[in-house]
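For reference, entry-v8.cif is printed below; it contains mmCIF, C-alpha atoms and all ligand atoms.
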```
data_final
loop_
_atom_site.label_atom_id
_atom_site.label_comp_id
_atom_site.auth_asym_id
_atom_site.auth_seq_id
_atom_site.Cartn_x
_atom_site.Cartn_y
_atom_site.Cartn_z
CA MET W 1 135.08 93.66 114.01
CA SER W 2 138.26 91.62 114.43
CA ASP W 3 141.23 92.06 112.12
CA SER W 4 140.58 88.69 110.51
CA ALA W 5 136.86 89.48 110.04
CA ARG W 6 137.77 92.87 108.56
CA ALA W 7 140.25 91.20 106.22
CA MET W 8 137.58 88.67 105.17
CA ALA W 9 135.00 91.43 104.57
CA GLY W 10 137.55 93.28 102.45
CA ARG W 11 138.19 90.23 100.34
CA VAL W 12 134.47 89.58 99.83
CA GLY W 13 133.85 93.22 98.89
CA LEU W 14 136.76 93.23 96.48
CA GLY W 15 135.54 90.00 94.93
CA LEU W 16 132.13 91.49 94.23
CA ILE W 17 133.61 94.61 92.64
CA GLU W 18 135.86 92.48 90.49
CA GLY W 19 132.78 90.51 89.49
CA ASN W 20 131.12 93.70 88.28
CA LEU W 21 134.23 94.65 86.31
CA ARG W 22 134.14 91.24 84.63
CA PHE W 23 130.42 91.72 83.94
CA GLN W 24 131.07 95.11 82.31
CA ARG W 25 133.82 93.66 80.14
CA ASP W 26 132.51 90.19 79.31
CA VAL W 27 128.71 90.59 79.39
CA PHE W 28 127.60 94.22 79.12
CA GLU W 29 129.92 95.40 76.36
CA PRO W 30 129.33 92.46 73.99
CA ARG W 31 125.56 92.86 74.48
CA ARG W 32 125.45 96.63 74.78
CA ALA W 33 122.60 97.01 72.26
CA ALA W 34 120.35 94.63 74.23
CA PHE W 35 121.08 96.41 77.50
CA GLU W 36 120.47 99.82 75.93
CA GLN W 37 117.10 98.63 74.69
CA LEU W 38 116.14 98.02 78.33
CA ILE W 39 116.67 101.71 79.09
CA GLU W 40 113.33 102.34 77.36
CA GLY W 41 111.47 100.28 79.96
CA GLN W 42 110.62 96.75 80.97
CA THR W 43 108.02 94.34 79.63
CA PRO W 44 108.65 91.18 81.67
CA ARG W 45 106.82 88.02 80.71
CA ALA W 46 105.99 86.99 84.27
CA LEU W 47 106.14 87.84 87.95
CA TYR W 48 108.31 85.24 89.68
CA VAL W 49 107.92 84.66 93.43
CA GLY W 50 110.80 82.54 94.69
CA CYS W 51 112.97 81.74 97.68
CA SER W 52 115.95 83.89 98.74
CA ASP W 53 118.13 80.78 98.75
CA SER W 54 121.38 81.72 96.99
CA ARG W 55 121.35 78.45 95.03
CA VAL W 56 118.03 79.13 93.33
CA VAL W 57 118.57 82.04 90.95
CA ALA W 58 115.43 82.67 88.89
CA GLU W 59 117.08 84.05 85.77
CA LEU W 60 119.63 81.24 85.75
CA ILE W 61 117.33 78.25 86.30
CA LEU W 62 114.80 79.54 83.75
CA ASP W 63 117.51 80.77 81.39
CA VAL W 64 116.02 84.21 80.83
CA ALA W 65 117.66 87.54 80.10
CA PRO W 66 117.41 90.86 81.97
CA GLY W 67 113.98 92.37 81.42
CA GLU W 68 112.18 89.03 81.09
CA LEU W 69 111.22 88.34 84.72
CA PHE W 70 109.85 90.63 87.43
CA VAL W 71 111.24 88.98 90.54
CA VAL W 72 110.32 88.91 94.23
CA ARG W 73 112.31 86.60 96.49
CA ASN W 74 111.80 86.01 100.18
CA ILE W 75 112.61 83.24 102.61
CA GLY W 76 110.55 80.22 101.61
CA ALA W 77 108.85 81.85 98.58
CA ILE W 78 105.97 82.63 100.93
CA VAL W 79 102.79 84.44 99.91
CA PRO W 80 101.29 85.99 103.06
CA HIS W 81 97.51 86.15 103.25
CA SER W 82 96.28 89.28 101.50
CA ASP W 83 94.75 90.73 104.69
CA ASP W 84 98.02 90.29 106.63
CA LEU W 85 100.15 93.41 107.16
CA ALA W 86 103.11 91.37 105.95
CA SER W 87 101.50 91.20 102.51
CA THR W 88 102.38 94.82 101.74
CA SER W 89 105.71 94.17 100.05
CA LEU W 90 104.58 91.28 97.87
CA GLY W 91 101.16 92.89 97.39
CA ALA W 92 102.82 96.01 95.98
CA ALA W 93 104.81 93.89 93.55
CA ILE W 94 101.65 92.05 92.50
CA ASP W 95 99.78 95.34 91.98
CA TYR W 96 102.64 96.73 89.92
CA ALA W 97 103.09 93.56 87.90
CA ILE W 98 99.41 93.30 87.00
CA HIS W 99 98.37 96.94 86.62
CA VAL W 100 101.53 98.57 85.27
CA LEU W 101 103.55 95.78 83.67
CA GLN W 102 100.47 93.74 82.74
CA VAL W 103 102.24 90.41 83.11
CA PRO W 104 100.13 87.47 81.92
CA ASP W 105 101.64 84.96 84.36
CA ILE W 106 102.72 84.64 87.97
CA VAL W 107 105.05 81.78 88.95
CA VAL W 108 105.56 80.67 92.56
CA CYS W 109 108.72 78.60 92.65
CA GLY W 110 109.74 76.69 95.76
CA HIS W 111 112.63 74.27 95.95
CA ASP W 112 113.82 71.03 97.45
CA LEU W 113 116.28 71.36 100.36
CA CYS W 114 114.59 74.62 101.41
CA GLY W 115 115.87 75.74 104.82
CA GLY W 116 112.80 77.93 105.33
CA LEU W 117 110.39 75.05 104.87
CA ARG W 118 112.59 72.81 107.02
CA ALA W 119 112.46 75.40 109.82
CA ILE W 120 108.65 75.54 109.59
CA VAL W 121 108.35 71.78 109.86
CA ASP W 122 110.97 71.38 112.58
CA GLY W 123 110.03 74.55 114.47
CA THR W 124 113.73 75.35 114.79
CA SER W 125 113.63 79.11 114.30
CA ARG W 126 113.80 81.21 117.47
CA VAL W 127 110.27 81.76 118.80
CA GLY W 128 109.19 85.39 118.42
CA SER W 129 112.00 86.22 115.98
CA HIS W 130 111.22 87.90 112.69
CA LEU W 131 112.19 84.65 110.99
CA GLU W 132 109.79 82.54 113.03
CA ARG W 133 106.95 85.03 112.60
CA TRP W 134 107.56 85.18 108.86
CA LEU W 135 107.76 81.44 108.30
CA ARG W 136 104.52 80.83 110.16
CA LYS W 137 102.72 82.87 107.48
CA GLY W 138 103.43 80.26 104.86
CA SER W 139 102.02 77.14 106.46
CA SER W 140 98.28 77.67 106.07
CA ASP W 141 96.12 78.46 103.07
CA VAL W 142 93.02 80.57 102.74
CA LYS W 143 90.73 77.55 103.05
CA GLY W 144 92.03 76.63 106.50
CA PHE W 145 94.40 73.86 105.39
CA ASP W 146 97.50 73.93 107.61
CA LEU W 147 100.56 72.10 106.38
CA LEU W 148 101.78 71.54 109.91
CA ASP W 149 98.79 69.28 110.57
CA HIS W 150 99.85 66.94 107.75
CA VAL W 151 103.65 66.80 108.02
CA SER W 152 103.77 63.19 109.16
CA GLU W 153 101.67 62.05 106.17
CA MET W 154 103.99 63.38 103.50
CA SER W 155 107.40 62.72 102.02
CA LEU W 156 109.77 65.67 101.83
CA GLU W 157 109.02 65.93 98.13
CA GLU W 158 105.26 66.04 98.71
CA LEU W 159 105.75 68.53 101.52
CA VAL W 160 107.48 71.11 99.39
CA GLU W 161 104.96 70.60 96.58
CA ARG W 162 102.03 71.06 98.96
CA PHE W 163 103.80 74.09 100.40
CA VAL W 164 104.02 75.70 96.95
CA SER W 165 100.35 74.89 96.35
CA VAL W 166 99.45 76.68 99.58
CA GLN W 167 101.25 79.79 98.33
CA VAL W 168 99.61 79.62 94.88
CA ASP W 169 96.16 79.25 96.43
CA THR W 170 96.83 82.18 98.76
CA LEU W 171 97.96 84.27 95.80
CA GLY W 172 94.64 83.56 94.11
CA ASP W 173 92.89 85.22 97.04
CA TYR W 174 94.39 88.66 96.35
CA ASP W 175 91.63 90.86 94.88
CA VAL W 176 93.76 92.12 92.02
CA VAL W 177 94.77 88.56 91.12
CA ALA W 178 91.22 87.23 91.30
CA GLU W 179 89.97 90.07 89.11
CA ALA W 180 92.66 89.59 86.45
CA ARG W 181 92.10 85.82 86.40
CA ALA W 182 88.34 86.26 86.05
CA GLU W 183 89.01 88.41 83.00
CA GLY W 184 91.26 85.70 81.58
CA ARG W 185 94.38 87.88 81.47
CA LEU W 186 96.37 86.23 84.25
CA HIS W 187 97.47 82.66 84.94
CA LEU W 188 99.06 81.28 88.11
CA HIS W 189 101.72 78.58 88.15
CA GLY W 190 103.46 76.55 90.83
CA ALA W 191 106.87 74.95 90.44
CA VAL W 192 109.50 73.18 92.55
CA TYR W 193 113.18 73.38 91.64
CA ASP W 194 115.55 70.59 92.63
CA PRO W 195 119.05 72.02 93.28
CA ARG W 196 120.49 68.49 93.03
CA THR W 197 119.47 67.99 89.40
CA GLY W 198 118.49 71.40 88.00
CA LYS W 199 115.06 69.98 87.16
CA LEU W 200 111.66 71.55 87.76
CA ARG W 201 108.42 69.88 88.81
CA ILE W 202 105.40 71.81 87.56
CA ARG W 203 102.02 71.97 89.28
CA GLN W 204 99.32 70.41 87.13
CA ASP W 205 95.65 71.37 86.96
CA SER W 206 94.96 68.30 89.10
CA GLY W 207 97.06 69.82 91.90
CA GLY W 208 99.85 67.25 91.54
CA PHE W 209 103.35 68.06 90.34
CA ARG W 210 105.10 66.57 87.33
CA GLU W 211 108.77 66.60 86.48
CA VAL W 212 109.55 68.09 83.11
CA SER W 213 112.73 68.79 81.21
CA PRO W 214 114.21 72.29 81.65
CA VAL W 215 113.22 73.17 78.08
CA GLU W 216 109.66 71.92 78.55
CA ALA W 217 109.46 73.69 81.90
CA ARG W 218 110.56 76.98 80.46
CA ALA W 219 108.03 76.71 77.64
CA SER W 220 105.31 75.75 80.11
CA LEU W 221 106.01 78.52 82.62
CA LEU W 222 107.02 81.19 80.21
CA PRO W 223 105.36 81.02 76.80
CA PRO W 224 107.56 82.50 74.06
CA PRO W 225 107.12 86.28 73.65
ZN ZN D 1 114.31 78.07 100.28
#
```

Can you dump the structure from the file as structure tokens?
Amino acid sequence: MSDSARAMAGRVGLGLIEGNLRFQRDVFEPRRAAFEQLIEGQTPRALYVGCSDSRVVAELILDVAPGELFVVRNIGAIVPHSDDLASTSLGAAIDYAIHVLQVPDIVVCGHDLCGGLRAIVDGTSRVGSHLERWLRKGSSDVKGFDLLDHVSEMSLEELVERFVSVQVDTLGDYDVVAEARAEGRLHLHGAVYDPRTGKLRIRQDSGGFREVSPVEARASLLPPP
């Protein structure tokens, strides 16, 4: 590592530690009672599957507190097919969320301006790389629909919405999800976040997406406890 790179890394590291010190002082201490309540355990209201994109922070865009969301983020907010080896990580989170935490809802939240989706469509990730192999898992659903066959027919907005629908449909194919839904104790949701406006578009029963206000979106995705 060069001297300048080392100096930069030092500054970044120091910035993060300072951030934690601010958190301790400005957030944790004033809300100590709420944080101490979380020591007893967690009862999140939903499992959230979202993109790793640093601009799309689940707790921030849904305005929820620690303990309210069980979160899994990966590049593209992709749900691998349940029989794919790559499903182990997300599958474990789904198992835990349903069986142990007994969450009543799972939200798959994609977003506009998603680099992962862009790379799938453009085929720009290095062939054979982990990234390319991962992204390919998100383009087709369990019924044989492949997004890549329909790219030219859709606007960017439709593309990301259809992409989220593919992930939601794939999620429904996990045995544990299908079982919980059949018993009426689990609901699946799809959403698209727009980093340019802060707004969400929510998947409707018809399969289309509708823009709603942040307050309406939060109520729709996460019913009050
Ligand atoms: Zn993304």

Interatomic distance (Å, one decimal) between CA of Val142 (chain W) and CA of Gly91 (chain W):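 Distance reported for this atom pair: 15.7 Å.
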
Residue nearest ligand ZN 1 (chain D) - candidates W:Gly190, W:Gly172, W:Gly184, W:Gly116, atoms counted: all atoms listed in the file: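 Of W:Gly190, W:Gly172, W:Gly184, W:Gly116, the one nearest ligand ZN 1 (chain D) is W:Gly116, counting all atoms listed in the file.
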
Protein and nucleic acid residues within 9 Å of ligand ZN 1 (chain D) (only C-alpha atoms and all ligand atoms) as number ranges by chain: W: 50-56, 74-77, 110-118

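Residues surrounding Ile94 (chain W) within 9 Å are W:Leu47, W:Ile106, W:Tyr174, W:Val176, W:Val177 [only C-alpha atoms; sequence separation below 6 positions excluded].
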
Shell of 9 Å around Val121 (chain W), all atoms listed in the file, local chain residues under 6 positions omitted, as a list in words: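 Listing them by chain and then by number gives Ser139, Leu147, Leu148 and Val151 of chain W.
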
Option closest in space to Ile202 (chain W), from W:Cys109, W:Asp141, W:Ala119, W:Glu158 [counting all atoms listed in the file]: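 Under the stated criterion, the closest residue is W:Cys109.
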
Nearest-residue call for Asp175 (chain W), choices W:Val212, W:Glu153, W:Gln102, W:Ser82, using all atoms listed in the file: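 Result for the nearest residue to Asp175 (chain W): W:Ser82.
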
Two-atom distance - CA of Gln37 (chain W), CA of Leu188 (chain W) (Å):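 For CA of Gln37 (chain W) relative to CA of Leu188 (chain W), the distance reads 28.4 Å.
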